[in-house]
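Working notes for the structure below.
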Amino acid sequence: MNDIPRAVALLRQGELVALPTETVYGLGADALNPAAVAKIFAAKGRPSDHPLIVHLADAEQIVDWARDIPREAIALARAFWPGPLTLILKKEEGVPDIVTGGQDTVGLRVPNHPVALELLRAFGGGVAAPSANRFGRISPTTAEHVRQELGERVPLILEGGACQVGLESTILDLSRDVPVILRPGAIGVDDIARVIGRRPRLRGEEQQPDAAPRVSGALAAHYAPCTPLELIASVELPDRVRSGDAILARQPAPAGLPDGVSWTAAPADPAAYGHDLYASLRALDESTCTRILVEAPPATPEWSAVADRLGRAAVGSGEDDET
């Protein structure tokens, strides 16, 4: 049974609480308490200029955190909140710099998980909550993952089962003239375009990409296992396998694999693949394998969020930075 009153008390005391969302488990603190938010960075080993997402109980709280709110933000909030969409907006003056990484923008969303919503409604304020793992490592999609990652650094971990989506939220920048997706997620370009009547750009399509706000999960190395991970094209995969490898692939295992190879079958559907991805990577990372080979996902919009996470995982893999 979840101890919501204890969680609220801890947040008001400036302590950390891990909470389930539909995307991944978050490491939460009172977003208006800079000292409490600083504990998030310390527990994760997160760079201090890396902004956090503020989780709200409902869309009406936007006005407490953002200014100059465009109509498109209201329309998207009505369409997708609660849900896996984070909106980047111009911040209100009272939002602490430690939450925004010193920027004039803030990321906001309403999570779609009953435990998270119960906590946020009881707390009454915003909760800053990045993923509840060591910085740069595989995001947690169960409470047990949080325990493995952070242990006693978190006074309370609220149980909420396995996360329904399994990948972090789409991040959409609405702080500039043109909407831009800064991190892909379950809510895609077409979903957003249907609501606002125009197609958002992707980060790579910007004329001035350096002008984009910094956001969570956008570093080149992220979501990474300690075991070296390589992305391999589908046609090349069978010939690249060697003894000691662990494989994550949508195609079936071929005959005649070398001894000591483990082959994990991944779903062919992108949503199901995303749901399982972090748990699969974590299991492979905890095995005795010496290398993780992942069949590269298709280069289609439906797979963009999975491809984004795998690409960053490959860059950041192979280094054990446990602190």
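Convention: chains lettered A, B, ... in structure tokens order; per-chain residue numbering from 1; ligands numbered from 1 as shown.
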
Can you pull out every residue from region 97-250 of chain A that DSSP, working from the backbone, puts in alpha helix (DSSP H), and format the result as a ChimeraX atom specification?
/A:97-100,114-123,143-150,189-196,237-240

Quick one: everything within 10 Å of region 141-148 of chain A, counting only C-alpha atoms, minus sequence neighbours fewer than 4 positions away in the same chain. Send it as a tab-separated table (two decimals) with N, CA and C atoms, in the first residue's frame.
```tsv
chain	number	residue	atom	x	y	z
A	18	ALA	N	10.70	8.87	-4.49
A	18	ALA	CA	10.62	8.28	-5.82
A	18	ALA	C	9.18	7.91	-6.11
A	19	LEU	N	8.71	8.28	-7.30
A	19	LEU	CA	7.30	8.08	-7.63
A	19	LEU	C	7.15	7.46	-9.01
A	20	PRO	N	6.15	6.60	-9.19
A	20	PRO	CA	5.91	6.02	-10.51
A	20	PRO	C	5.17	6.99	-11.41
A	21	THR	N	5.51	6.97	-12.69
A	21	THR	CA	4.70	7.65	-13.70
A	21	THR	C	4.45	6.64	-14.82
A	22	GLU	N	3.68	7.05	-15.81
A	22	GLU	CA	3.43	6.13	-16.92
A	22	GLU	C	4.67	5.97	-17.81
A	23	THR	N	5.63	6.90	-17.72
A	23	THR	CA	6.83	6.82	-18.55
A	23	THR	C	7.91	6.03	-17.83
A	24	VAL	N	8.55	6.63	-16.82
A	24	VAL	CA	9.54	5.95	-15.98
A	24	VAL	C	9.33	6.42	-14.55
A	25	TYR	N	10.02	5.80	-13.59
A	25	TYR	CA	9.95	6.27	-12.21
A	25	TYR	C	10.77	7.55	-12.07
A	26	GLY	N	10.23	8.52	-11.32
A	26	GLY	CA	10.89	9.79	-11.12
A	26	GLY	C	11.42	9.95	-9.71
A	27	LEU	N	12.45	10.78	-9.58
A	27	LEU	CA	13.01	11.12	-8.27
A	27	LEU	C	12.56	12.53	-7.94
A	131	SER	N	14.30	11.14	-13.99
A	131	SER	CA	14.27	9.70	-13.78
A	131	SER	C	15.09	9.32	-12.54
A	132	ALA	N	14.61	8.30	-11.83
A	132	ALA	CA	15.20	7.92	-10.53
A	132	ALA	C	16.32	6.91	-10.71
A	133	ASN	N	17.39	7.36	-11.35
A	133	ASN	CA	18.56	6.51	-11.59
A	133	ASN	C	19.81	7.37	-11.54
A	134	ARG	N	20.97	6.73	-11.51
A	134	ARG	CA	22.21	7.46	-11.63
A	134	ARG	C	22.25	8.17	-12.97
A	152	GLU	N	19.57	3.63	-0.51
A	152	GLU	CA	19.19	4.44	0.66
A	152	GLU	C	19.28	5.95	0.40
A	153	ARG	N	19.63	6.34	-0.81
A	153	ARG	CA	19.64	7.78	-1.13
A	153	ARG	C	18.23	8.34	-1.20
A	154	VAL	N	17.24	7.46	-1.29
A	154	VAL	CA	15.84	7.89	-1.39
A	154	VAL	C	15.09	7.43	-0.14
A	156	LEU	N	11.95	7.31	0.51
A	156	LEU	CA	10.71	6.59	0.24
A	156	LEU	C	10.56	6.35	-1.26
A	157	ILE	N	10.24	5.11	-1.61
A	157	ILE	CA	9.93	4.76	-3.00
A	157	ILE	C	8.48	4.30	-3.04
A	158	LEU	N	7.64	5.04	-3.74
A	158	LEU	CA	6.23	4.66	-3.88
A	158	LEU	C	6.10	3.57	-4.94
A	159	GLU	N	5.41	2.51	-4.60
A	159	GLU	CA	5.19	1.40	-5.53
A	159	GLU	C	4.07	1.75	-6.51
A	160	GLY	N	4.31	1.41	-7.78
A	160	GLY	CA	3.27	1.67	-8.77
A	160	GLY	C	3.26	0.68	-9.90
A	161	GLY	N	3.94	-0.46	-9.69
A	161	GLY	CA	4.00	-1.46	-10.75
A	161	GLY	C	4.92	-1.03	-11.88
A	162	ALA	N	4.91	-1.80	-12.96
A	162	ALA	CA	5.73	-1.48	-14.13
A	162	ALA	C	5.11	-0.31	-14.89
A	163	CYS	N	5.95	0.57	-15.38
A	163	CYS	CA	5.46	1.76	-16.10
A	163	CYS	C	4.78	1.35	-17.40
A	164	GLN	N	3.68	2.00	-17.70
A	164	GLN	CA	2.85	1.61	-18.84
A	164	GLN	C	3.51	1.94	-20.17
A	165	VAL	N	4.16	3.10	-20.27
A	165	VAL	CA	4.79	3.52	-21.53
A	165	VAL	C	6.24	3.02	-21.60
A	166	GLY	N	7.02	3.31	-20.58
A	166	GLY	CA	8.37	2.78	-20.50
A	166	GLY	C	9.46	3.64	-21.10
A	167	LEU	N	9.11	4.69	-21.84
A	167	LEU	CA	10.07	5.66	-22.35
A	167	LEU	C	9.67	7.05	-21.89
A	275	HIS	N	8.12	-0.10	-24.37
A	275	HIS	CA	7.70	-0.50	-23.03
A	275	HIS	C	8.72	-1.43	-22.39
A	276	ASP	N	9.28	-2.34	-23.17
A	276	ASP	CA	10.19	-3.36	-22.65
A	276	ASP	C	11.65	-2.93	-22.65
A	277	LEU	N	11.99	-1.85	-23.36
A	277	LEU	CA	13.39	-1.57	-23.68
A	277	LEU	C	14.29	-1.46	-22.45
A	278	TYR	N	13.94	-0.61	-21.49
A	278	TYR	CA	14.85	-0.39	-20.37
A	278	TYR	C	14.98	-1.63	-19.49
A	279	ALA	N	13.88	-2.35	-19.31
A	279	ALA	CA	13.97	-3.58	-18.53
A	279	ALA	C	14.84	-4.60	-19.25
A	282	ARG	N	18.50	-3.48	-18.93
A	282	ARG	CA	18.97	-3.68	-17.55
A	282	ARG	C	19.28	-5.16	-17.30
```

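In terms of minimum interatomic distance to Pro297 (chain A), A:Leu310 ranks closest within A:Val195, A:Val215, A:Leu310, A:Ile138, counting only C-alpha atoms.
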
Go through A:Ala122, A:Val241, A:Ala186, A:Ala313 one by one, measure the shortest atom-to-atom distance of each to Leu219 (chain A) using only C-alpha atoms, and give the residue with the smallest value.
A:Ala313

Go through region 134-184 of chain A residue by residue and, counting only C-alpha atoms, keep those with an atom at most 10 Å from region 46-67 of chain A; for each kept residue give the shortest atom pair and its distance in Å to one decimal, ordered by chain and increasing number, as a tab-separated table.
```
residue	atom	partner	partner_atom	distance
A:Arg134	CA	A:Arg46	CA	7.7
A:Phe135	CA	A:Arg46	CA	5.2
A:Gly136	CA	A:Arg46	CA	8.2
A:Ile171	CA	A:Ile53	CA	9.7
A:Ser175	CA	A:Arg67	CA	9.8
```

Write a file of the just-selected residues containing C-alpha atoms, as a short mmCIF file (atom, residue, chain, number, x, y, z; two decimals), in the first residue's frame.
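The result, written out as selection_24.cif:
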```cif
data_model
loop_
_atom_site.label_atom_id
_atom_site.label_comp_id
_atom_site.auth_asym_id
_atom_site.auth_seq_id
_atom_site.Cartn_x
_atom_site.Cartn_y
_atom_site.Cartn_z
CA ARG A 134 22.21 7.46 -11.63
CA PHE A 135 22.76 10.18 -14.20
CA GLY A 136 23.22 8.87 -17.73
CA ILE A 171 9.45 17.23 -24.96
CA SER A 175 8.92 29.01 -25.92
#
```

Would you please extract all strand (DSSP E or B) residues from region 76-123 of chain A, as assigned by DSSP on the backbone, and give them as a list in words?
Leu85, Thr86, Leu87, Ile88, Leu89, Lys90, Lys91, Thr105, Val106, Gly107, Leu108 and Arg109 of chain A

When you draw a straight line from CA of Asn112 (chain A) to CA of Arg6 (chain A), how long is it in Å?
21.3 Å

Find the residue from A:Ala220, A:Leu11, A:Ala255, A:Ile192 that sits nearest to Pro179 (chain A); use only C-alpha atoms when measuring.
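When distances to Pro179 (chain A) are compared using only C-alpha atoms, the smallest one comes from A:Ile192.
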
I need the residue nearest Ala221 (chain A) from this list: A:Ala43, A:Ala7, A:Ile69, A:Ala314. Use only C-alpha atoms for the distance.
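Residue with the minimum atom-to-atom distance to Ala221 (chain A): A:Ala314.
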
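Picture a line from CA of Tyr273 (chain A) to CA of Arg78 (chain A); it runs 27.5 Å.
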
List as a PyMOL selection string the protein and nucleic acid residues near Glu236 (chain A), meaning an atom at most 12 Å away when only C-alpha atoms are counted, but skip any in the same chain fewer than 2 places from it.
chain A and resi 231-234+238-241+249+251+293-296

Among the residues A:Gly125, A:Gly188, A:Pro254, A:Gly45, the one that comes closest to Ala29 (chain A) [using only C-alpha atoms]:
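Residue with the minimum atom-to-atom distance to Ala29 (chain A): A:Gly125.
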
Hey, which of A:Cys226, A:Ala75, A:Ala36, A:Leu202 ends up closest to Val178 (chain A)? Count only C-alpha atoms.
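Using only C-alpha atoms, the shortest distance to Val178 (chain A) belongs to A:Leu202.
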
For the contact check between region 156-196 of chain A and region 302-308 of chain A, emit one row per residue of region 156-196 of chain A within 10 Å, containing the shortest atom pair and the distance in Å rounded to one decimal, counting only C-alpha atoms, chain then rising number order, as CSV.
```
residue,atom,partner,partner_atom,distance
A:Leu167,CA,A:Ala305,CA,7.7
A:Glu168,CA,A:Ala305,CA,8.8
A:Ser169,CA,A:Ala305,CA,9.4
A:Thr170,CA,A:Ala305,CA,8.4
A:Arg183,CA,A:Ala305,CA,7.8
A:Pro184,CA,A:Ala305,CA,4.8
A:Gly185,CA,A:Ala305,CA,4.9
A:Ala186,CA,A:Ala305,CA,7.1
A:Ile187,CA,A:Ala305,CA,9.4
A:Gly188,CA,A:Glu302,CA,7.8
A:Val189,CA,A:Glu302,CA,9.8
```

Would you kindly return, as a PyMOL selection string, each protein, DNA or RNA residue with an atom no farther than 12 Å from any atom of Pro34 (chain A), considering only C-alpha atoms and excluding same-chain residues fewer than 2 positions away?
chain A and resi 14-15+29-32+36-41+48+94-101+127-128

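Rounded to one decimal, CA of Pro225 (chain A) and CA of Gly316 (chain A) lie 7.6 Å from each other.
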